[in-house]
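For reference, entry01.cif (mmCIF, C-alpha atoms):
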data_final
#
loop_
_atom_site.group_PDB
_atom_site.id
_atom_site.type_symbol
_atom_site.label_atom_id
_atom_site.label_comp_id
_atom_site.auth_asym_id
_atom_site.auth_seq_id
_atom_site.Cartn_x
_atom_site.Cartn_y
_atom_site.Cartn_z
ATOM 1 C CA MET A 1 25.451 11.805 -6.568
ATOM 2 C CA THR A 2 27.644 8.729 -7.081
ATOM 3 C CA GLY A 3 29.873 7.987 -4.099
ATOM 4 C CA LEU A 4 27.726 9.810 -1.540
ATOM 5 C CA ASP A 5 26.556 7.895 1.450
ATOM 6 C CA THR A 6 24.002 10.445 2.662
ATOM 7 C CA ILE A 7 21.422 12.691 1.061
ATOM 8 C CA THR A 8 19.674 15.598 2.737
ATOM 9 C CA VAL A 9 16.047 16.562 2.241
ATOM 10 C CA ASN A 10 14.900 19.756 3.972
ATOM 11 C CA ASN A 11 17.830 19.546 6.421
ATOM 12 C CA VAL A 12 17.093 15.898 7.298
ATOM 13 C CA SER A 13 19.843 13.412 6.396
ATOM 14 C CA TYR A 14 19.183 9.935 5.046
ATOM 15 C CA GLN A 15 21.789 7.210 4.690
ATOM 16 C CA ILE A 16 21.873 5.878 1.127
ATOM 17 C CA ILE A 17 21.748 2.093 0.938
ATOM 18 C CA LYS A 18 21.717 1.689 -2.854
ATOM 19 C CA LEU A 19 20.518 3.075 -6.152
ATOM 20 C CA LEU A 20 17.141 1.567 -6.997
ATOM 21 C CA GLY A 21 16.948 2.930 -10.501
ATOM 22 C CA LYS A 22 17.078 5.803 -12.925
ATOM 23 C CA GLY A 23 13.977 7.014 -14.691
ATOM 24 C CA LYS A 24 13.166 9.733 -17.184
ATOM 25 C CA GLY A 25 12.983 12.308 -14.411
ATOM 26 C CA GLY A 26 15.321 11.238 -11.636
ATOM 27 C CA TYR A 27 17.366 8.785 -9.652
ATOM 28 C CA SER A 28 15.656 6.796 -6.887
ATOM 29 C CA TYR A 29 17.689 5.633 -3.916
ATOM 30 C CA LEU A 30 16.846 3.227 -1.135
ATOM 31 C CA ALA A 31 17.779 5.141 2.009
ATOM 32 C CA GLN A 32 17.255 4.857 5.727
ATOM 33 C CA ARG A 33 16.902 7.059 8.747
ATOM 34 C CA GLY A 34 16.358 5.845 12.285
ATOM 35 C CA GLY A 35 16.184 2.230 11.099
ATOM 36 C CA ILE A 36 13.293 2.963 8.715
ATOM 37 C CA LYS A 37 13.696 2.557 4.957
ATOM 38 C CA TYR A 38 12.602 5.237 2.509
ATOM 39 C CA VAL A 39 12.952 6.052 -1.173
ATOM 40 C CA VAL A 40 14.661 9.355 -1.895
ATOM 41 C CA LYS A 41 14.271 10.599 -5.442
ATOM 42 C CA GLN A 42 16.717 13.143 -6.841
ATOM 43 C CA ILE A 43 15.370 14.922 -9.912
ATOM 44 C CA HIS A 44 17.822 15.035 -12.829
ATOM 45 C CA HIS A 45 17.856 17.202 -15.934
ATOM 46 C CA GLU A 46 19.401 14.756 -18.361
ATOM 47 C CA PRO A 47 17.877 14.813 -21.848
ATOM 48 C CA CYS A 48 15.122 12.367 -22.757
ATOM 49 C CA SER A 49 14.522 12.006 -26.495
ATOM 50 C CA TYR A 50 10.931 10.766 -26.193
ATOM 51 C CA TYR A 51 9.492 12.863 -23.364
ATOM 52 C CA THR A 52 9.223 16.589 -22.680
ATOM 53 C CA PHE A 53 9.239 17.943 -19.153
ATOM 54 C CA GLY A 54 8.325 21.253 -17.611
ATOM 55 C CA ASN A 55 9.129 21.858 -13.946
ATOM 56 C CA LYS A 56 9.835 18.288 -12.792
ATOM 57 C CA ILE A 57 9.565 18.789 -9.036
ATOM 58 C CA GLU A 58 6.247 20.626 -9.354
ATOM 59 C CA ALA A 59 5.022 17.945 -11.761
ATOM 60 C CA GLU A 60 5.857 15.290 -9.133
ATOM 61 C CA ARG A 61 3.868 17.195 -6.499
ATOM 62 C CA SER A 62 0.915 17.776 -8.827
ATOM 63 C CA ASP A 63 0.883 14.220 -10.222
ATOM 64 C CA TYR A 64 1.022 12.782 -6.700
ATOM 65 C CA GLY A 65 -2.129 14.714 -5.836
ATOM 66 C CA ARG A 66 -3.874 13.635 -9.032
ATOM 67 C CA LEU A 67 -3.042 9.967 -8.406
ATOM 68 C CA LYS A 68 -4.187 10.108 -4.767
ATOM 69 C CA GLU A 69 -7.441 11.750 -5.823
ATOM 70 C CA ALA A 70 -7.961 9.057 -8.486
ATOM 71 C CA GLY A 71 -7.521 6.287 -5.882
ATOM 72 C CA ILE A 72 -4.368 4.769 -7.401
ATOM 73 C CA LYS A 73 -2.376 2.705 -4.883
ATOM 74 C CA ILE A 74 0.931 4.616 -4.569
ATOM 75 C CA PRO A 75 3.580 5.113 -1.891
ATOM 76 C CA GLU A 76 2.992 8.112 0.369
ATOM 77 C CA MET A 77 4.990 11.256 -0.394
ATOM 78 C CA LEU A 78 6.545 12.039 2.976
ATOM 79 C CA ASP A 79 8.581 15.142 2.154
ATOM 80 C CA ILE A 80 9.469 17.354 -0.792
ATOM 81 C CA ASP A 81 12.475 19.675 -1.045
ATOM 82 C CA THR A 82 11.741 21.947 -3.993
ATOM 83 C CA GLU A 83 15.026 23.852 -3.746
ATOM 84 C CA ASN A 84 17.175 20.712 -4.069
ATOM 85 C CA GLU A 85 14.587 18.850 -6.161
ATOM 86 C CA ARG A 86 14.309 15.845 -3.846
ATOM 87 C CA ILE A 87 11.362 13.776 -2.692
ATOM 88 C CA VAL A 88 11.062 11.296 0.176
ATOM 89 C CA LYS A 89 8.592 8.470 -0.421
ATOM 90 C CA GLU A 90 7.337 5.529 1.557
ATOM 91 C CA TYR A 91 9.373 2.434 0.633
ATOM 92 C CA ILE A 92 7.303 -0.390 -0.842
ATOM 93 C CA ASP A 93 9.327 -3.542 -0.192
ATOM 94 C CA GLY A 94 8.824 -6.152 -2.871
ATOM 95 C CA ASP A 95 9.687 -7.296 -6.363
ATOM 96 C CA THR A 96 8.803 -5.378 -9.504
ATOM 97 C CA ILE A 97 6.500 -6.830 -12.119
ATOM 98 C CA PHE A 98 9.419 -6.348 -14.536
ATOM 99 C CA ASN A 99 11.701 -8.657 -12.511
ATOM 100 C CA MET A 100 8.906 -11.169 -12.105
ATOM 101 C CA VAL A 101 8.362 -11.326 -15.878
ATOM 102 C CA LYS A 102 12.114 -11.459 -16.505
ATOM 103 C CA ASN A 103 12.491 -14.342 -14.015
ATOM 104 C CA ASP A 104 9.432 -16.249 -15.311
ATOM 105 C CA SER A 105 7.392 -15.693 -12.133
ATOM 106 C CA PRO A 106 3.654 -15.638 -12.827
ATOM 107 C CA VAL A 107 2.111 -12.156 -12.972
ATOM 108 C CA GLU A 108 -1.347 -13.083 -14.289
ATOM 109 C CA LYS A 109 -2.908 -12.662 -10.841
ATOM 110 C CA TYR A 110 -1.826 -8.979 -10.858
ATOM 111 C CA LEU A 111 -3.503 -8.206 -14.197
ATOM 112 C CA THR A 112 -6.865 -7.724 -12.458
ATOM 113 C CA GLN A 113 -5.303 -5.211 -10.084
ATOM 114 C CA VAL A 114 -3.537 -3.229 -12.814
ATOM 115 C CA ARG A 115 -6.735 -3.187 -14.856
ATOM 116 C CA GLU A 116 -8.582 -1.828 -11.807
ATOM 117 C CA MET A 117 -5.911 0.896 -11.551
ATOM 118 C CA ALA A 118 -6.274 1.587 -15.263
ATOM 119 C CA ALA A 119 -10.043 2.002 -14.855
ATOM 120 C CA LEU A 120 -9.542 4.434 -11.963
ATOM 121 C CA ALA A 121 -6.960 6.356 -13.973
ATOM 122 C CA LYS A 122 -9.215 6.557 -17.035
ATOM 123 C CA LYS A 123 -12.161 7.703 -14.907
ATOM 124 C CA ALA A 124 -9.924 10.523 -13.610
ATOM 125 C CA GLY A 125 -8.827 11.363 -17.180
ATOM 126 C CA LEU A 126 -5.309 9.999 -16.645
ATOM 127 C CA ASN A 127 -2.825 7.493 -17.963
ATOM 128 C CA ILE A 128 -0.084 6.191 -15.732
ATOM 129 C CA ASP A 129 3.200 4.715 -16.955
ATOM 130 C CA TYR A 130 2.281 1.035 -17.234
ATOM 131 C CA PHE A 131 5.863 -0.103 -17.794
ATOM 132 C CA PRO A 132 6.386 -3.003 -15.334
ATOM 133 C CA THR A 133 9.382 -1.450 -13.530
ATOM 134 C CA ASN A 134 6.847 0.997 -12.068
ATOM 135 C CA PHE A 135 4.861 -1.674 -10.218
ATOM 136 C CA VAL A 136 5.978 -3.391 -7.009
ATOM 137 C CA VAL A 137 4.213 -6.311 -5.332
ATOM 138 C CA GLN A 138 3.930 -6.191 -1.555
ATOM 139 C CA GLY A 139 1.651 -8.459 0.433
ATOM 140 C CA GLY A 140 -0.136 -9.661 -2.709
ATOM 141 C CA LEU A 141 -0.989 -6.097 -3.790
ATOM 142 C CA ILE A 142 0.571 -4.051 -6.552
ATOM 143 C CA TYR A 143 1.633 -0.461 -6.027
ATOM 144 C CA TYR A 144 2.346 2.088 -8.736
ATOM 145 C CA ILE A 145 5.643 3.424 -7.370
ATOM 146 C CA ASP A 146 6.085 6.243 -9.873
ATOM 147 C CA TYR A 147 4.125 9.487 -9.635
ATOM 148 C CA GLU A 148 4.114 10.159 -13.380
ATOM 149 C CA CYS A 149 0.723 10.564 -14.981
ATOM 150 C CA ASN A 150 -0.522 12.240 -18.133
ATOM 151 C CA ASN A 151 -3.855 13.158 -19.612
ATOM 152 C CA TYR A 152 -5.706 10.075 -20.806
ATOM 153 C CA SER A 153 -5.225 8.818 -24.338
ATOM 154 C CA ASP A 154 -6.266 5.436 -25.752
ATOM 155 C CA GLU A 155 -2.842 5.063 -27.372
ATOM 156 C CA TRP A 156 -1.047 4.936 -24.000
ATOM 157 C CA ASN A 157 -3.592 3.026 -21.896
ATOM 158 C CA PHE A 158 -2.856 -0.378 -20.388
ATOM 159 C CA GLU A 159 -4.592 -2.498 -23.022
ATOM 160 C CA ASN A 160 -3.016 -0.708 -25.994
ATOM 161 C CA TRP A 161 0.495 -0.134 -24.637
ATOM 162 C CA GLY A 162 1.266 -1.351 -21.125
ATOM 163 C CA ILE A 163 0.200 -4.968 -21.527
ATOM 164 C CA ARG A 164 2.893 -5.416 -24.172
ATOM 165 C CA TYR A 165 5.463 -5.467 -21.359
ATOM 166 C CA TRP A 166 3.645 -7.587 -18.756
ATOM 167 C CA SER A 167 4.799 -10.906 -20.260
ATOM 168 C CA LYS A 168 7.697 -12.097 -22.395
ATOM 169 C CA THR A 169 6.387 -10.478 -25.538
ATOM 170 C CA PRO A 170 8.671 -9.461 -28.412
ATOM 171 C CA GLU A 171 8.548 -5.880 -27.027
ATOM 172 C CA PHE A 172 9.656 -7.056 -23.572
ATOM 173 C CA ILE A 173 12.470 -9.219 -24.981
ATOM 174 C CA ASN A 174 13.619 -6.371 -27.230
ATOM 175 C CA TYR A 175 13.699 -3.970 -24.260
ATOM 176 C CA LEU A 176 15.583 -6.515 -22.161
ATOM 177 C CA THR A 177 18.219 -7.246 -24.808
ATOM 178 C CA SER A 178 18.725 -3.604 -25.819
ATOM 179 C CA HIS A 179 19.162 -2.511 -22.196
ATOM 180 C CA SER A 180 21.464 -5.444 -21.422
ATOM 181 C CA LYS A 181 23.690 -4.283 -24.300
ATOM 182 C CA GLU A 182 23.662 -0.704 -22.961
ATOM 183 C CA GLU A 183 24.675 -1.895 -19.496
ATOM 184 C CA SER A 184 27.536 -4.059 -20.829
ATOM 185 C CA GLU A 185 28.815 -1.140 -22.916
ATOM 186 C CA LYS A 186 29.089 1.013 -19.766
ATOM 187 C CA VAL A 187 31.513 -1.444 -18.146
#
Go ahead and express the file in the form of structure tokens.
Amino acid sequence: MTGLDTITVNNVSYQIIKLLGKGKGGYSYLAQRGGIKYVVKQIHHEPCSYYTFGNKIEAERSDYGRLKEAGIKIPEMLDIDTENERIVKEYIDGDTIFNMVKNDSPVEKYLTQVREMAALAKKAGLNIDYFPTNFVVQGGLIYYIDYECNNYSDEWNFENWGIRYWSKTPEFINYLTSHSKEESEKV
């Protein structure tokens, strides 16, 4: 998709502004249509050594419903194009918890909110991906911007796994340095 300036979802074209990021399941682009910003996610089928997928687009649809039912604060899914494996989401404009930690901005005030999300997820029998790139702050509230969720397990809950990346822990620093090396090697 590199070099394209538009992307079409169910015969509706969106102008791509920039790549927001690449995850295990797809590429997310900031796009606009009619002066309104959106996120368009294009599913990819690149290998992931630590995660197994089934039908990714159906998983996105199903997980979205599970998260909404659980009461997790997420961006609205506005459209889904199963044939082309694309999703249009509401754009949550703000900084990620990851960037805040990286730039030494305080995130302690968001720990209560993520713990409330974690309690809702656990009550629904779910874990969400607590990695801080998946959380955006807008208007003092955090949003879980990914739709990935899995069946609950203590091993992957916030207190046992996610919290390790919500401050400059050794795990966070290791992730930051290893991914900085990967990015410099691509140049």
Inset, instruction - Please provide the set of residues having any atom within 12 Å of Lys102 (chain A), restricted to all atoms listed in the file, with same-chain residues fewer than 5 positions apart removed, written as a ChimeraX atom specification. - result: /A:95-97,107,132-133,165-169,172-177
Inset, instruction - For Leu111 (chain A), list every protein, DNA or RNA residue within 12 Å, evaluated using all atoms listed in the file, and leave out those in the same chain fewer than 4 positions away; present the list as number ranges by chain. - result: A: 97, 106-107, 115-118, 130, 132, 135, 137, 141-142, 158-159, 162-163, 165-167
Legend entry - For CA of Lys24 (chain A) and CA of Glu46 (chain A), the interatomic separation in Å (one decimal):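 Separating CA of Lys24 (chain A) from CA of Glu46 (chain A) is a distance of 8.1 Å.
One distance worth recording is that between CA of Gly26 (chain A) and CA of His44 (chain A), which is 4.7 Å.
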Inset, instruction - Name the residues in contact with Ile72 (chain A) at a cut-off of 12 Å, using only C-alpha atoms, excluding same-chain residues fewer than 3 positions from it; report them as a ChimeraX atom specification. - result: /A:63-69,75-76,113-124,126-128,135,141-149
Take every atom of region 4-21 of chain A listed in the file, pad by 3 Å on each side, and give me the axis-aligned box centre and edge lengths in Å, one decimal, as JSON.
{"center_x": 21.3, "center_y": 10.7, "center_z": -1.6, "size_x": 18.8, "size_y": 24.2, "size_z": 23.8}
Inset, instruction - Please write the residues picked by the PyMOL selection byres ((chain A and resi 29) around 8) on this file as a PyMOL selection string. - result: chain A and resi 16-21+27-28+30-31+39-41
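Pairwise distance (CA of Ile92 (chain A), CA of Val136 (chain A)) equals 7.0 Å.
You can rank A:Ile74, A:Val88, A:Ile57, A:Met100 by their closest distance to Asn10 (chain A) using all atoms listed in the file, and at the top of that list sits A:Val88.
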Inset, instruction - Between A:Ile87, A:Ala59, A:Val101, A:Ile36, single out the one closest to Val9 (chain A), counting all atoms listed in the file. - result: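 Counting all atoms listed in the file, the residue closest to Val9 (chain A) is A:Ile87.
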Inset, instruction - Could you tell me which residues the PyMOL selection byres ((chain A and resi 55) around 12) grabs in this file, written as number ranges by chain? - result: A: 25, 43-45, 52-54, 56-63, 82-83, 85
Inset, instruction - Return the single residue from A:Lys109, A:Thr8, A:Gly71, A:Trp156 that is closest to Phe131 (chain A), with distances computed using only C-alpha atoms. - result: A:Trp156
Legend entry - Residue nearest Ile7 (chain A) among A:Pro170, A:Glu90, A:Lys22, A:Asp81 (counting only C-alpha atoms):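 For Ile7 (chain A), the nearest of the given residues is A:Asp81.
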